$ cat start_14.cif   # mmCIF, C-alpha atoms and all ligand atoms
data_input
#
loop_
_atom_site.label_atom_id
_atom_site.label_comp_id
_atom_site.auth_asym_id
_atom_site.auth_seq_id
_atom_site.Cartn_x
_atom_site.Cartn_y
_atom_site.Cartn_z
CA MET A 1 112.72 85.42 105.01
CA LYS A 2 111.03 84.70 108.36
CA LYS A 3 107.25 84.88 108.18
CA LEU A 4 105.35 87.15 110.57
CA LYS A 5 103.02 85.37 113.01
CA ALA A 6 99.42 86.36 112.41
CA GLY A 7 96.37 85.96 114.63
CA ILE A 8 92.87 85.94 113.16
CA LEU A 9 90.14 87.35 115.40
CA GLY A 10 86.74 85.85 114.61
CA ALA A 11 88.40 83.16 112.49
CA THR A 12 85.36 80.86 112.33
CA GLY A 13 82.99 83.28 110.55
CA VAL A 14 82.43 84.20 106.89
CA VAL A 15 85.34 86.65 106.77
CA GLY A 16 87.53 84.69 109.20
CA GLN A 17 87.40 81.62 106.96
CA GLN A 18 88.45 83.74 103.98
CA PHE A 19 91.41 84.98 106.02
CA VAL A 20 92.41 81.39 106.73
CA ARG A 21 92.21 80.55 103.02
CA ILE A 22 94.07 83.62 101.76
CA LEU A 23 96.81 83.33 104.39
CA SER A 24 97.47 79.65 103.67
CA ASN A 25 100.99 79.48 102.15
CA HIS A 26 101.23 83.26 102.18
CA PRO A 27 104.81 84.44 101.53
CA TYR A 28 104.89 87.01 104.38
CA PHE A 29 102.45 85.78 107.04
CA GLU A 30 101.60 82.50 108.79
CA VAL A 31 98.54 81.92 110.93
CA THR A 32 99.56 80.92 114.46
CA ALA A 33 96.47 81.90 116.46
CA VAL A 34 92.72 81.89 115.81
CA THR A 35 89.90 83.13 118.03
CA GLY A 36 86.15 82.70 118.22
CA SER A 37 83.26 83.20 120.61
CA THR A 38 82.74 81.03 123.70
CA LYS A 39 80.86 78.62 121.40
CA SER A 40 84.15 77.82 119.61
CA SER A 41 86.98 78.47 122.07
CA GLY A 42 88.79 75.38 123.34
CA LYS A 43 87.88 73.34 120.23
CA THR A 44 90.22 72.66 117.32
CA TYR A 45 89.62 75.03 114.40
CA ASN A 46 88.43 72.04 112.40
CA ASP A 47 85.76 71.17 114.99
CA ALA A 48 84.77 74.78 115.59
CA SER A 49 84.27 75.43 111.86
CA ASP A 50 81.32 73.07 111.70
CA TRP A 51 80.34 74.63 108.35
CA SER A 52 82.68 75.66 105.59
CA PHE A 53 82.25 78.91 103.72
CA THR A 54 85.32 78.47 101.53
CA ASN A 55 85.51 74.66 101.21
CA PHE A 56 89.12 75.00 102.29
CA LEU A 57 90.44 74.20 105.78
CA PRO A 58 94.23 74.00 105.57
CA GLU A 59 96.18 71.41 107.54
CA GLU A 60 98.30 73.93 109.48
CA VAL A 61 95.25 75.74 110.88
CA ASN A 62 92.89 72.77 111.32
CA ASN A 63 94.60 71.61 114.48
CA LEU A 64 95.04 75.01 116.15
CA ILE A 65 92.97 75.37 119.30
CA VAL A 66 90.53 78.27 119.00
CA LEU A 67 91.39 80.87 121.66
CA ASP A 68 89.05 83.13 123.59
CA THR A 69 88.71 86.48 121.84
CA ASP A 70 90.66 88.11 124.60
CA ALA A 71 93.81 90.25 124.53
CA LYS A 72 95.65 88.28 127.23
CA ALA A 73 95.04 84.94 125.49
CA LEU A 74 96.35 86.35 122.23
CA LEU A 75 99.38 88.11 123.68
CA ARG A 76 100.51 84.86 125.31
CA ASN A 77 100.81 83.53 121.76
CA ASP A 78 103.64 85.80 120.60
CA ILE A 79 101.85 87.27 117.58
CA ASP A 80 103.35 89.92 115.27
CA LEU A 81 100.04 91.24 113.88
CA VAL A 82 96.32 90.45 113.86
CA PHE A 83 93.57 90.42 111.28
CA SER A 84 90.17 91.19 112.74
CA ALA A 85 86.89 89.69 111.51
CA LEU A 86 84.90 90.45 114.65
CA PRO A 87 81.50 92.07 115.02
CA ALA A 88 82.08 95.81 115.57
CA SER A 89 80.74 95.72 119.14
CA VAL A 90 83.36 93.16 120.16
CA ALA A 91 86.14 94.67 118.05
CA TYR A 92 86.17 98.14 119.59
CA ASP A 93 87.84 97.44 122.95
CA LEU A 94 89.88 94.44 121.87
CA GLU A 95 91.46 96.19 118.89
CA ASN A 96 92.34 99.13 121.16
CA GLN A 97 93.89 96.78 123.72
CA LEU A 98 95.98 94.94 121.14
CA ALA A 99 97.20 98.12 119.42
CA SER A 100 98.10 99.51 122.87
CA ALA A 101 100.12 96.35 123.51
CA GLY A 102 102.18 97.05 120.38
CA VAL A 103 100.31 94.84 117.91
CA PRO A 104 99.45 96.08 114.38
CA VAL A 105 95.72 95.46 113.80
CA PHE A 106 94.20 95.11 110.31
CA SER A 107 90.47 95.26 110.82
CA ASN A 108 87.29 94.59 108.88
CA ALA A 109 85.10 95.87 111.64
CA SER A 110 83.53 99.31 111.40
CA ALA A 111 84.33 100.11 115.06
CA HIS A 112 87.30 102.45 114.44
CA ARG A 113 86.78 103.35 110.76
CA MET A 114 85.58 106.93 111.21
CA LYS A 115 88.21 107.92 113.80
CA GLU A 116 90.34 110.80 112.54
CA SER A 117 93.63 108.94 113.01
CA VAL A 118 92.47 105.61 111.55
CA PRO A 119 92.78 105.11 107.79
CA ILE A 120 90.17 103.30 105.75
CA LEU A 121 92.88 102.08 103.44
CA ILE A 122 92.56 100.74 99.90
CA PRO A 123 96.12 100.90 98.60
CA GLU A 124 95.14 101.25 94.93
CA ILE A 125 92.90 104.20 95.79
CA ASN A 126 94.27 106.17 98.77
CA PRO A 127 97.80 104.95 99.62
CA SER A 128 98.69 108.29 101.25
CA HIS A 129 96.06 107.67 103.96
CA LEU A 130 98.26 104.99 105.53
CA ASN A 131 100.40 107.63 107.23
CA LEU A 132 97.43 108.71 109.39
CA VAL A 133 98.56 105.99 111.78
CA SER A 134 101.53 108.14 112.77
CA SER A 135 99.08 110.24 114.82
CA GLN A 136 97.62 107.23 116.66
CA LEU A 137 98.51 107.24 120.33
CA TYR A 138 99.13 103.52 120.69
CA ASP A 139 102.41 102.27 122.05
CA GLY A 140 103.99 100.69 118.97
CA GLY A 141 100.83 99.13 117.56
CA PHE A 142 98.31 100.70 115.21
CA ILE A 143 94.91 100.11 113.62
CA VAL A 144 94.31 100.10 109.87
CA THR A 145 90.81 99.36 108.60
CA ASN A 146 89.37 98.44 105.24
CA SER A 147 86.02 99.71 104.09
CA ASN A 148 82.54 98.32 104.24
CA CYS A 149 82.01 95.65 101.54
CA SER A 150 79.85 97.73 99.16
CA THR A 151 82.08 100.78 99.47
CA SER A 152 85.13 98.74 98.56
CA GLY A 153 83.62 98.10 95.11
CA LEU A 154 82.12 101.54 94.61
CA VAL A 155 85.37 103.47 95.07
CA PHE A 156 86.98 101.49 92.23
CA GLY A 157 84.16 102.65 89.96
CA LEU A 158 84.68 106.26 91.07
CA LYS A 159 88.41 106.83 91.55
CA PRO A 160 89.29 106.65 87.82
CA LEU A 161 86.50 109.18 87.10
CA MET A 162 87.86 111.89 89.37
CA ASP A 163 89.79 113.56 86.53
CA PHE A 164 86.43 114.11 84.78
CA GLY A 165 85.11 115.95 87.85
CA ILE A 166 82.45 114.07 89.84
CA GLU A 167 79.39 116.20 90.67
CA ASP A 168 77.29 113.55 92.36
CA VAL A 169 76.82 109.81 92.70
CA VAL A 170 73.67 107.71 93.06
CA VAL A 171 74.25 104.05 93.95
CA THR A 172 71.74 101.23 94.40
CA THR A 173 73.06 97.95 95.77
CA TYR A 174 71.93 94.33 95.43
CA GLN A 175 73.81 92.69 98.28
CA ALA A 176 74.53 89.02 98.89
CA VAL A 177 73.48 87.24 102.08
CA SER A 178 77.07 86.35 103.06
CA GLY A 179 77.60 90.08 103.61
CA ALA A 180 75.50 89.76 106.74
CA GLY A 181 77.67 87.01 108.25
CA ARG A 182 76.98 83.39 109.10
CA ASN A 183 73.68 84.03 110.92
CA GLY A 184 72.82 87.39 109.41
CA VAL A 185 69.66 86.76 107.37
CA GLY A 186 67.08 84.06 108.07
CA SER A 187 66.33 81.78 105.13
CA MET A 188 62.56 82.37 105.46
CA ASP A 189 63.18 86.11 105.17
CA ILE A 190 65.31 86.05 102.04
CA LEU A 191 64.39 83.05 99.87
CA GLY A 192 62.32 84.31 96.93
CA ASN A 193 62.48 87.82 98.38
CA VAL A 194 64.31 91.16 98.28
CA ILE A 195 64.72 93.24 101.46
CA PRO A 196 65.11 96.95 100.67
CA TYR A 197 66.91 97.80 103.91
CA ILE A 198 70.28 96.94 105.46
CA THR A 199 70.99 98.45 108.87
CA ASN A 200 73.43 101.42 108.69
CA GLU A 201 74.66 100.39 105.22
CA GLU A 202 73.59 103.52 103.33
CA THR A 203 75.24 105.82 105.89
CA LYS A 204 78.44 103.75 105.79
CA ILE A 205 78.60 103.91 101.99
CA VAL A 206 78.14 107.70 101.95
CA GLN A 207 80.62 108.48 104.74
CA GLU A 208 83.29 105.95 103.80
CA THR A 209 83.24 106.74 100.07
CA LYS A 210 83.74 110.45 100.68
CA ARG A 211 86.48 109.76 103.22
CA ILE A 212 88.40 107.25 101.09
CA LEU A 213 88.28 109.57 98.08
CA GLY A 214 89.18 112.56 100.25
CA LYS A 215 92.57 114.24 100.44
CA ASN A 216 95.10 113.73 103.19
CA GLU A 217 96.01 117.30 104.14
CA ASN A 218 98.73 117.30 106.78
CA GLY A 219 97.42 114.18 108.48
CA LYS A 220 93.73 115.11 108.31
CA ILE A 221 91.31 113.72 105.74
CA VAL A 222 89.24 116.32 103.91
CA PRO A 223 86.32 114.28 102.49
CA ALA A 224 85.51 114.43 98.79
CA SER A 225 83.03 117.27 98.19
CA PHE A 226 80.62 115.51 95.80
CA ASP A 227 77.30 114.15 97.00
CA VAL A 228 76.72 110.40 97.40
CA ASN A 229 73.20 109.00 97.64
CA ALA A 230 72.85 105.28 98.45
CA SER A 231 69.96 102.79 98.54
CA CYS A 232 70.69 99.24 99.66
CA ALA A 233 68.84 95.95 99.26
CA ARG A 234 69.58 92.39 100.34
CA VAL A 235 68.95 89.83 97.59
CA PRO A 236 68.94 86.01 97.64
CA VAL A 237 72.47 85.61 96.28
CA LEU A 238 75.21 83.80 98.25
CA ASN A 239 78.26 85.93 97.37
CA GLY A 240 78.90 89.15 95.47
CA HIS A 241 77.43 92.61 95.79
CA LEU A 242 76.10 94.06 92.54
CA GLU A 243 75.76 97.86 92.39
CA SER A 244 74.00 100.11 89.90
CA VAL A 245 75.90 103.42 89.78
CA VAL A 246 74.93 106.74 88.16
CA VAL A 247 77.56 109.47 88.17
CA GLN A 248 77.08 113.06 87.06
CA LEU A 249 80.36 114.24 85.54
CA GLU A 250 81.51 117.83 84.97
CA SER A 251 83.56 117.22 81.80
CA GLU A 252 82.40 115.85 78.47
CA PHE A 253 83.16 112.15 78.08
CA SER A 254 82.52 109.21 75.78
CA VAL A 255 81.78 105.64 76.83
CA ASP A 256 84.95 104.43 75.04
CA GLN A 257 87.04 106.94 76.96
CA ILE A 258 85.62 105.71 80.29
CA ILE A 259 86.19 102.04 79.39
CA GLU A 260 89.79 102.86 78.49
CA THR A 261 90.20 104.75 81.79
CA TYR A 262 88.96 101.72 83.74
CA ASN A 263 91.05 99.25 81.75
CA SER A 264 94.26 101.18 82.28
CA PHE A 265 93.71 101.86 85.99
CA ARG A 266 96.53 100.54 88.20
CA GLY A 267 97.72 101.38 91.71
CA GLU A 268 100.76 101.00 93.94
CA PRO A 269 99.98 97.34 94.84
CA GLN A 270 100.33 96.45 91.14
CA THR A 271 103.61 98.39 90.82
CA LEU A 272 104.93 96.77 94.00
CA GLY A 273 103.76 93.31 92.86
CA LEU A 274 102.09 92.58 96.22
CA PRO A 275 101.00 88.93 96.59
CA THR A 276 97.26 89.61 96.98
CA ALA A 277 97.08 92.41 94.40
CA PRO A 278 95.11 91.50 91.27
CA THR A 279 96.91 92.03 87.98
CA LYS A 280 94.13 94.40 86.92
CA PRO A 281 92.11 95.97 89.76
CA ILE A 282 89.17 96.64 87.40
CA ILE A 283 87.96 94.18 84.80
CA VAL A 284 85.53 95.63 82.26
CA LYS A 285 82.94 93.15 81.04
CA GLN A 286 81.80 93.90 77.47
CA GLU A 287 78.87 91.43 77.29
CA PRO A 288 75.46 93.14 77.47
CA ASP A 289 74.26 91.12 80.50
CA ARG A 290 77.31 91.20 82.80
CA PRO A 291 78.69 91.35 85.46
CA GLN A 292 76.69 88.67 87.29
CA PRO A 293 77.46 87.21 90.76
CA THR A 294 77.22 83.58 89.64
CA ARG A 295 79.39 84.08 86.54
CA ASP A 296 81.92 86.77 87.32
CA LEU A 297 83.15 86.10 90.85
CA SER A 298 85.08 82.95 89.97
CA LEU A 299 88.68 82.94 91.10
CA HIS A 300 91.38 82.51 88.48
CA VAL A 301 95.00 83.47 87.88
CA GLY A 302 95.42 87.24 88.03
CA ASP A 303 92.14 87.67 89.92
CA LEU A 304 91.68 85.85 93.18
CA GLY A 305 88.45 87.70 93.93
CA MET A 306 90.22 91.04 94.30
CA ALA A 307 89.30 92.62 90.95
CA VAL A 308 86.12 94.68 90.71
CA LYS A 309 84.05 93.87 87.61
CA ILE A 310 82.36 96.72 85.75
CA GLY A 311 79.90 96.41 82.88
CA ARG A 312 76.94 97.96 81.06
CA VAL A 313 78.80 101.26 80.77
CA ARG A 314 76.34 103.76 79.25
CA LYS A 315 75.91 107.48 78.81
CA HIS A 316 72.71 109.45 79.46
CA LYS A 317 73.22 113.22 78.92
CA ASN A 318 76.21 113.97 81.13
CA ARG A 319 75.50 111.04 83.38
CA LEU A 320 77.55 107.87 83.33
CA ASN A 321 75.66 104.65 84.13
CA PHE A 322 77.24 101.30 84.95
CA PHE A 323 76.95 98.18 87.08
CA LEU A 324 79.80 96.91 89.23
CA LEU A 325 80.33 93.65 91.09
CA VAL A 326 82.56 93.17 94.14
CA HIS A 327 83.29 89.97 96.07
CA ASN A 328 82.08 91.13 99.47
CA ALA A 329 84.08 88.63 101.51
CA ILE A 330 87.35 89.00 99.54
CA ARG A 331 87.86 92.51 98.04
CA GLY A 332 85.21 93.72 100.47
CA ALA A 333 86.76 92.07 103.52
CA ALA A 334 89.56 89.52 104.10
CA GLY A 335 91.50 90.08 100.85
CA ALA A 336 91.35 93.85 101.37
CA SER A 337 92.77 93.49 104.86
CA VAL A 338 95.60 91.16 103.79
CA LEU A 339 96.48 93.57 100.96
CA ASN A 340 96.62 96.39 103.53
CA ALA A 341 99.08 94.39 105.65
CA GLU A 342 101.22 93.60 102.58
CA PHE A 343 101.23 97.30 101.72
CA ALA A 344 102.17 98.31 105.29
CA ARG A 345 105.01 95.79 105.17
CA ALA A 346 106.21 97.21 101.84
CA LYS A 347 106.27 100.64 103.53
CA GLY A 348 108.47 99.29 106.35
CA MET A 349 105.74 99.34 109.02
CA LEU A 350 105.83 95.63 109.91
CA GLU A 351 109.02 94.14 111.28
N1 LIG A 401 80.60 89.20 105.56
C1 LIG A 401 81.12 90.15 104.80
O1 LIG A 401 81.05 90.10 103.55
C2 LIG A 401 81.80 91.33 105.42
C3 LIG A 401 82.36 92.29 104.59
C4 LIG A 401 83.02 93.41 105.13
C5 LIG A 401 83.11 93.53 106.50
N2 LIG A 401 82.54 92.58 107.31
C6 LIG A 401 82.71 92.76 108.76
O2 LIG A 401 83.60 91.72 109.21
C7 LIG A 401 83.24 91.31 110.53
C8 LIG A 401 82.97 89.80 110.51
O3 LIG A 401 81.87 89.53 109.66
P1 LIG A 401 81.42 88.05 109.29
O4 LIG A 401 80.51 88.21 108.15
O5 LIG A 401 82.60 87.14 109.18
O6 LIG A 401 80.58 87.62 110.60
P2 LIG A 401 80.24 86.14 111.13
O7 LIG A 401 80.17 85.17 110.03
O8 LIG A 401 79.06 86.33 112.00
O9 LIG A 401 81.51 85.77 112.04
C9 LIG A 401 81.75 86.46 113.25
C10 LIG A 401 83.00 85.92 113.92
O10 LIG A 401 83.16 86.61 115.19
C11 LIG A 401 83.04 85.67 116.26
N3 LIG A 401 82.25 86.27 117.33
C12 LIG A 401 80.93 86.59 117.28
N4 LIG A 401 80.53 87.13 118.48
C13 LIG A 401 81.61 87.11 119.27
C14 LIG A 401 81.83 87.51 120.63
N5 LIG A 401 80.87 88.03 121.40
N6 LIG A 401 83.08 87.34 121.15
C15 LIG A 401 84.07 86.81 120.39
N7 LIG A 401 83.93 86.42 119.11
C16 LIG A 401 82.71 86.57 118.56
C17 LIG A 401 82.39 84.43 115.70
O11 LIG A 401 82.80 83.30 116.45
P3 LIG A 401 81.87 81.95 116.57
O12 LIG A 401 81.85 81.31 115.20
O13 LIG A 401 82.60 81.16 117.59
O14 LIG A 401 80.51 82.44 117.01
C18 LIG A 401 82.94 84.43 114.27
O15 LIG A 401 84.25 83.91 114.27
C19 LIG A 401 82.03 92.17 110.94
O16 LIG A 401 82.49 93.32 111.62
C20 LIG A 401 81.44 92.58 109.59
O17 LIG A 401 80.69 93.76 109.64
C21 LIG A 401 81.90 91.49 106.81
#

$ encode --input "start_14.cif" --output "structure tokens" --more "lines below"
Ligand SMILES: NC(=O)c1ccc[n+]([C@@H]2O[C@H](COP(=O)([O-])OP(=O)(O)OC[C@H]3O[C@@H](n4cnc5c(N)ncnc54)[C@H](OP(=O)(O)O)[C@@H]3O)[C@@H](O)[C@H]2O)c1
Amino acid sequence: MKKLKAGILGATGVVGQQFVRILSNHPYFEVTAVTGSTKSSGKTYNDASDWSFTNFLPEEVNNLIVLDTDAKALLRNDIDLVFSALPASVAYDLENQLASAGVPVFSNASAHRMKESVPILIPEINPSHLNLVSSQLYDGGFIVTNSNCSTSGLVFGLKPLMDFGIEDVVVTTYQAVSGAGRNGVGSMDILGNVIPYITNEETKIVQETKRILGKNENGKIVPASFDVNASCARVPVLNGHLESVVVQLESEFSVDQIIETYNSFRGEPQTLGLPTAPTKPIIVKQEPDRPQPTRDLSLHVGDLGMAVKIGRVRKHKNRLNFFLLVHNAIRGAAGASVLNAEFARAKGMLE
């Protein structure tokens, strides 16, 4: 089978480097174009990536010349789809231009996420949202987004609980510095410190969670009706967002029942056997002091950073308490986007 030619927008950053790693030897896609800012364009990818986030720069991408992040430059390169790891301000126009030129765009940026016709897709959670793209007015292309990095973990903790009736959700995050990008947080600000504020993060978590867990009614998303209340902090951890979650449930439940519900949770990517899908989307940690970013993010067979880890499952009255851990740059970013493209291909949307 011929592989589809993929461009990576913002390939030299935290998320871009994860795209390069995940797409190396991918069965459906091959990276044929990479872009960066004016600081990187014109250099080889190897020279432009003067720091390595993943410790993995594959041969076939190392020697590609980094292109300007510009629609014309990309379209000259005969690409079949793009993955976007651009800052939202840069992504907005460029993603529109590429979709209008017939290119499918799988984006990490928040620029188009809340548009009515753009899905925030997580195929295990809301596969029916993919067909929102049929109402996009682009000529052949389309835009599919994945969620903000904290939201992408939270919805795995919530989706399996929906049969118990969710009344409200309170989430407190402990977010890694890599979530802010290569130059996001100054070392003097974060070392030995905790910053109880992340710009726009709490609003994104509330809006995106309710939208992802909402129903697709005739091509319009009706957001989930329960309340979500988020508080976010940046902590001096390199990778992995830890989240403390408290959920008020309508039905009676036991902790064992919830653990079983998480353990048995599967989605369409698992049924379809998609290459980036983890064997189990949720891994329940039984130890009393887990999950932890330094111990539970490691990549191994069956979980290449795509499984969400849940632990410390407890009951207080009719409230469920637990911690979850999500790899912000993989399940929260590049891996999520690649899984979305695999899912779109499985649904016949990528030729
Ligand atoms: N980090 C995460 O965990 C995470 C998770 C979910 C979503 N996201 C989203 O993913 C996107 C990328 O995040 P990141 O963490 O990878 O950021 P990053 O490390 O700062 O990388 C940004 C990338 O965009 C390029 N870029 C920056 N300004 C540009 C401009 N004006 N024109 C063209 N290219 C430009 C950079 O190129 P140079 O290297 O040449 O400057 C780099 O390749 C953002 O929208 C972010 O919100 C990030």

$ residues_around --input "start_14.cif" --residues "region 218-222 of chain A" --least-positions-apart "6" --cutoff "10 Å" --atoms "all atoms listed in the file" --output "PyMOL selection string"
chain A and resi 116-117+119+128-135+210-212

$ atom_distance --input "start_14.cif" --atom1 "CA of Ser152 (chain A)" --atom2 "CA of Gly332 (chain A)"
5.4 Å

$ closest_residue --input "start_14.cif" --among "A:Thr203, A:Ser244, A:Ser264, A:Asn328" --to "ligand LIG 401 (chain A)" --atoms "all atoms listed in the file"
A:Asn328

$ residues_near_point --input "start_14.cif" --point "(103.8, 96.5, 95.7)" --cutoff "10 Å" --atoms "all atoms listed in the file" --output "list of chain:residue names"
A:Pro123, A:Glu124, A:Gly267, A:Glu268, A:Pro269, A:Gln270, A:Thr271, A:Leu272, A:Gly273, A:Leu274, A:Pro275, A:Thr276, A:Ala277, A:Leu339, A:Glu342, A:Phe343, A:Ala344, A:Arg345, A:Ala346, A:Lys347

$ closest_residue --input "start_14.cif" --among "A:Arg234, A:Gln207, A:Leu98, A:Ala11" --to "Gly186 (chain A)" --atoms "only C-alpha atoms"
A:Arg234

$ residues_near_ligand --input "start_14.cif" --ligand "ligand LIG 401 (chain A)" --cutoff "6 Å" --atoms "only C-alpha atoms and all ligand atoms" --output "PyMOL selection string"
chain A and resi 10-16+36-37+39-40+69+85-88+90+108-109+148-149+178-183+328-329+332-333

$ closest_residue --input "start_14.cif" --among "A:Leu81, A:Lys204, A:Gly153, A:Pro236" --to "Asp189 (chain A)" --atoms "all atoms listed in the file"
A:Pro236

$ residues_around --input "start_14.cif" --residues "Val255 (chain A)" --least-positions-apart "3" --cutoff "7 Å" --atoms "only C-alpha atoms" --output "PyMOL selection string"
chain A and resi 258-259+313-315

$ write_last_selection --input "start_14.cif" --atoms "C-alpha atoms" --output "PDB file, in the frame of the given file"
ATOM      1  CA  ILE A 258      85.620 105.710  80.290  1.00  0.00           C
ATOM      2  CA  ILE A 259      86.190 102.040  79.390  1.00  0.00           C
ATOM      3  CA  VAL A 313      78.800 101.260  80.770  1.00  0.00           C
ATOM      4  CA  ARG A 314      76.340 103.760  79.250  1.00  0.00           C
ATOM      5  CA  LYS A 315      75.910 107.480  78.810  1.00  0.00           C
TER       6      LYS A 315
END

$ residues_around --input "start_14.cif" --residues "Asp256 (chain A)" --least-positions-apart "5" --cutoff "12 Å" --atoms "only C-alpha atoms" --output "PyMOL selection string"
chain A and resi 261-263+284+286+312-315+320

$ atom_distance --input "start_14.cif" --atom1 "CA of Leu4 (chain A)" --atom2 "CA of Ala73 (chain A)"
18.3 Å
